[in-house]
>>> print(open('input-v3.txt').read())   # compact mmCIF, C-alpha atoms
# COMPACT_ATOMS: atom_id res chain seq x y z
CA TRP U 14 18.49 -10.96 -10.83
CA VAL U 15 18.83 -7.28 -10.03
CA VAL U 16 15.82 -5.40 -8.69
CA PHE U 17 15.60 -1.60 -8.55
CA ALA U 18 13.65 -1.04 -5.36
CA ASN U 19 13.71 2.73 -4.90
CA GLN U 20 10.46 4.14 -3.52
CA PRO U 21 8.75 5.43 -6.70
CA PHE U 22 6.00 7.65 -5.31
CA GLY U 23 5.64 9.83 -2.25
CA SER U 24 1.97 9.14 -1.61
CA PRO U 25 -1.17 7.67 -3.22
CA LYS U 26 -1.93 11.13 -4.63
CA TYR U 27 1.14 10.91 -6.88
CA VAL U 28 0.26 7.35 -7.96
CA ILE U 29 -3.18 8.51 -9.14
CA GLU U 30 -1.65 11.52 -10.89
CA TYR U 31 0.90 9.28 -12.63
CA LEU U 32 -1.69 6.73 -13.76
CA GLY U 33 -4.06 9.47 -14.89
CA ARG U 34 -1.51 10.72 -17.39
CA TYR U 35 -1.57 7.33 -19.11
CA THR U 36 -5.12 6.03 -18.64
CA HIS U 37 -7.21 9.09 -19.47
CA LYS U 38 -5.27 10.78 -22.24
CA ILE U 39 -3.98 9.93 -25.66
CA ALA U 40 -0.23 9.63 -26.18
CA ILE U 41 0.17 13.09 -27.78
CA SER U 42 -2.25 15.59 -29.32
CA ASN U 43 -1.60 17.16 -32.71
CA HIS U 44 -1.49 20.67 -31.24
CA ARG U 45 1.53 19.69 -29.11
CA ILE U 46 3.66 18.87 -32.18
CA THR U 47 5.27 22.19 -33.07
CA ASP U 48 7.71 21.17 -35.79
CA VAL U 49 8.56 18.23 -38.02
CA ASP U 50 12.02 18.63 -39.57
CA ARG U 51 12.18 16.23 -42.54
CA LYS U 52 15.74 17.19 -43.41
CA ASN U 53 17.19 16.38 -39.95
CA ARG U 54 14.54 13.71 -39.28
CA SER U 55 13.44 15.17 -35.97
CA VAL U 56 10.18 16.06 -34.23
CA THR U 57 9.74 18.97 -31.80
CA PHE U 58 6.79 19.02 -29.40
CA THR U 59 5.76 20.62 -26.12
CA ALA U 60 6.03 18.56 -22.96
CA LYS U 61 5.59 19.13 -19.24
CA ASP U 62 8.79 19.06 -17.22
CA TYR U 63 7.69 17.55 -13.92
CA ARG U 64 11.08 18.26 -12.37
CA ARG U 65 10.25 21.97 -12.75
CA ALA U 66 6.68 21.96 -11.39
CA GLY U 67 5.08 21.00 -14.72
CA LYS U 68 6.57 23.88 -16.72
CA LYS U 69 6.05 23.47 -20.49
CA VAL U 70 9.23 22.97 -22.51
CA ASN U 71 9.99 22.20 -26.15
CA LEU U 72 11.51 18.76 -26.63
CA THR U 73 13.21 17.68 -29.85
CA LEU U 74 13.68 13.98 -30.59
CA SER U 75 14.86 12.05 -33.60
CA SER U 76 11.92 10.74 -35.61
CA GLN U 77 12.92 7.18 -34.69
CA GLU U 78 12.89 7.93 -30.94
CA PHE U 79 9.61 9.84 -31.24
CA VAL U 80 7.90 6.87 -32.92
CA ARG U 81 9.40 4.47 -30.35
CA ARG U 82 8.03 6.52 -27.44
CA PHE U 83 4.67 6.96 -29.15
CA ALA U 84 4.39 3.20 -29.74
CA LEU U 85 4.80 2.58 -26.01
CA HIS U 86 1.37 4.18 -25.52
CA VAL U 87 -0.46 2.17 -28.19
CA LEU U 88 -2.64 -0.49 -26.60
CA PRO U 89 -2.48 -4.07 -27.93
CA LYS U 90 -5.45 -5.42 -29.89
CA GLY U 91 -8.31 -6.36 -27.59
CA PHE U 92 -7.42 -3.90 -24.82
CA THR U 93 -9.75 -1.00 -24.03
CA ARG U 94 -8.61 2.37 -22.75
CA ILE U 95 -9.90 2.79 -19.20
CA ARG U 96 -11.73 6.05 -19.86
CA HIS U 97 -14.00 4.27 -22.37
CA TYR U 98 -14.87 1.33 -20.12
CA GLY U 99 -17.03 0.58 -17.07
CA ILE U 100 -18.18 3.47 -14.89
CA LEU U 101 -16.06 5.90 -16.91
CA SER U 102 -17.85 5.10 -20.19
CA SER U 103 -20.05 7.77 -21.80
CA SER U 104 -23.38 6.14 -20.92
CA TRP U 105 -22.36 5.74 -17.29
CA LYS U 106 -21.22 9.33 -16.99
CA LYS U 107 -24.43 10.73 -18.45
CA GLU U 108 -27.07 8.49 -16.89
CA LYS U 109 -25.97 6.20 -14.11
CA LEU U 110 -23.12 8.10 -12.44
CA PRO U 111 -25.28 10.99 -11.08
CA LYS U 112 -27.78 8.45 -9.68
CA LEU U 113 -24.97 6.47 -8.07
CA GLN U 114 -23.45 9.61 -6.54
CA ALA U 115 -26.84 10.66 -5.12
CA GLU U 116 -27.37 7.18 -3.68
CA LEU U 117 -23.93 7.11 -2.08
CA ALA U 118 -24.51 10.53 -0.53
CA THR U 119 -27.50 9.14 1.44
CA VAL U 120 -25.64 6.09 2.83
CA LYS U 121 -24.57 6.57 6.44
CA ILE U 122 -20.87 5.90 6.81
CA GLU U 123 -19.92 4.07 9.99
CA PRO U 124 -16.60 4.94 11.64
CA VAL U 125 -13.88 2.33 11.46
CA ARG U 126 -13.27 0.61 14.78
CA THR U 127 -9.64 0.22 15.66
CA LYS U 128 -8.25 -2.78 17.49
CA GLU U 129 -6.35 -2.34 20.70
CA PRO U 130 -2.61 -2.54 20.12
CA LEU U 131 -0.86 -5.73 21.17
CA LEU U 132 1.02 -5.52 24.43
CA HIS U 133 4.74 -5.75 23.76
CA ARG U 134 6.12 -9.21 24.56
CA ARG U 135 2.65 -10.47 25.63
CA CYS U 136 0.66 -13.33 24.12
CA PRO U 137 -1.85 -11.91 21.60
CA VAL U 138 -4.46 -14.53 22.65
CA CYS U 139 -4.48 -14.63 26.47
CA LYS U 140 -2.76 -11.23 26.96
CA LYS U 141 -1.00 -12.68 30.02
CA GLY U 142 1.73 -15.06 28.93
CA ARG U 143 5.16 -13.70 28.02
CA LEU U 144 6.64 -14.17 24.54
CA HIS U 145 10.23 -15.43 24.38
CA THR U 146 12.55 -15.11 21.39
CA ILE U 147 13.89 -18.53 20.48
CA LEU U 148 15.31 -17.89 17.03
CA LEU U 149 16.14 -14.81 14.95
CA PHE U 150 16.56 -14.78 11.19
CA ASN U 151 16.96 -12.19 8.45
CA ASP U 152 14.54 -11.07 5.74
CA ARG U 153 15.35 -14.11 3.60
CA GLY U 154 13.51 -16.37 6.04
CA PRO U 155 14.62 -19.04 8.51
CA PRO U 156 17.84 -20.96 7.77
CA GLU U 157 17.54 -24.42 6.21
CA ASN U 158 18.63 -26.11 9.45
CA TRP U 159 16.24 -24.19 11.76
CA ARG U 160 14.82 -27.37 13.31
CA VAL U 161 18.32 -28.54 14.29
CA LEU U 162 19.11 -25.12 15.79
CA LEU U 163 15.93 -25.22 17.90
CA LYS U 164 16.66 -28.77 19.06
CA ASP U 165 20.23 -27.75 20.06
CA ARG U 166 18.91 -24.79 22.06
CA LYS U 167 16.42 -26.97 23.92
CA LEU U 168 19.13 -29.52 24.76
CA ASN U 169 21.45 -26.77 26.02
CA GLY U 170 18.62 -25.18 28.03
CA SER U 171 18.97 -21.73 26.48
CA ASN U 172 16.14 -19.48 25.23
>>> encode(input="input-v3.txt", output="structure tokens")
Amino acid sequence: WVVFANQPFGSPKYVIEYLGRYTHKIAISNHRITDVDRKNRSVTFTAKDYRRAGKKVNLTLSSQEFVRRFALHVLPKGFTRIRHYGILSSSWKKEKLPKLQAELATVKIEPVRTKEPLLHRRCPVCKKGRLHTILLFNDRGPPENWRVLLKDRKLNGSN
């Protein structure tokens, strides 16, 4: 198995922006399609180029590629687009959402209490005893024979 593990977003702000493009909009509006060339079987439409600060550009795709990309945004039967469901539904937005916002504005928010940081190399329970490293292992976890390794270290008297 190969996993691409590059960090995809810089901050939660960008995650929300990314998801918003797909959860609160349709795949493409009619006004964005600027040309349909039947002879060359291509579709030209306007798109935002996020590499250039969202500048609008004309993008031309073959009709086959255009339909493939469009189909990626079609929800399977039984799924509901987020903007039409729950607190984002029309009835919620008109009636219940303003009441909920007013109620939340009156609730006193208590500050979050932070825990004291653990003392380096000290026991997290009694805060007095010293922690000793007895075995190191990599990110894949302990080796299969970790019990044998510990037993050998105890017999040899090393920590």
>>> residues_near_point(input="input-v3.txt", point="(7.3, 9.6, -29.2)", cutoff="12 Å", atoms="all atoms listed in the file", output="PyMOL selection string")
chain U and resi 39-42+45-46+55-60+72-87
>>> residues_near_point(input="input-v3.txt", point="(16.5, -13.2, 21.5)", cutoff="12 Å", atoms="all atoms listed in the file", output="PyMOL selection string")
chain U and resi 134+144-150+166+171-172
>>> write_last_selection(input="input-v3.txt", atoms="C-alpha atoms", output="mmCIF file, in the coordinates of the input")
data_model
loop_
_atom_site.group_PDB
_atom_site.id
_atom_site.type_symbol
_atom_site.label_atom_id
_atom_site.label_comp_id
_atom_site.auth_asym_id
_atom_site.auth_seq_id
_atom_site.Cartn_x
_atom_site.Cartn_y
_atom_site.Cartn_z
ATOM 1 C CA ARG U 134 6.120 -9.210 24.560
ATOM 2 C CA LEU U 144 6.640 -14.170 24.540
ATOM 3 C CA HIS U 145 10.230 -15.430 24.380
ATOM 4 C CA THR U 146 12.550 -15.110 21.390
ATOM 5 C CA ILE U 147 13.890 -18.530 20.480
ATOM 6 C CA LEU U 148 15.310 -17.890 17.030
ATOM 7 C CA LEU U 149 16.140 -14.810 14.950
ATOM 8 C CA PHE U 150 16.560 -14.780 11.190
ATOM 9 C CA ARG U 166 18.910 -24.790 22.060
ATOM 10 C CA SER U 171 18.970 -21.730 26.480
ATOM 11 C CA ASN U 172 16.140 -19.480 25.230
#
>>> atom_distance(input="input-v3.txt", atom1="atom CA of Lys128 of chain U", atom2="atom CA of Lys141 of chain U")
17.5 Å
>>> atom_distance(input="input-v3.txt", atom1="atom CA of Pro156 of chain U", atom2="atom CA of Arg143 of chain U")
25.0 Å
>>> atom_distance(input="input-v3.txt", atom1="atom CA of Thr47 of chain U", atom2="atom CA of Asn71 of chain U")
8.4 Å
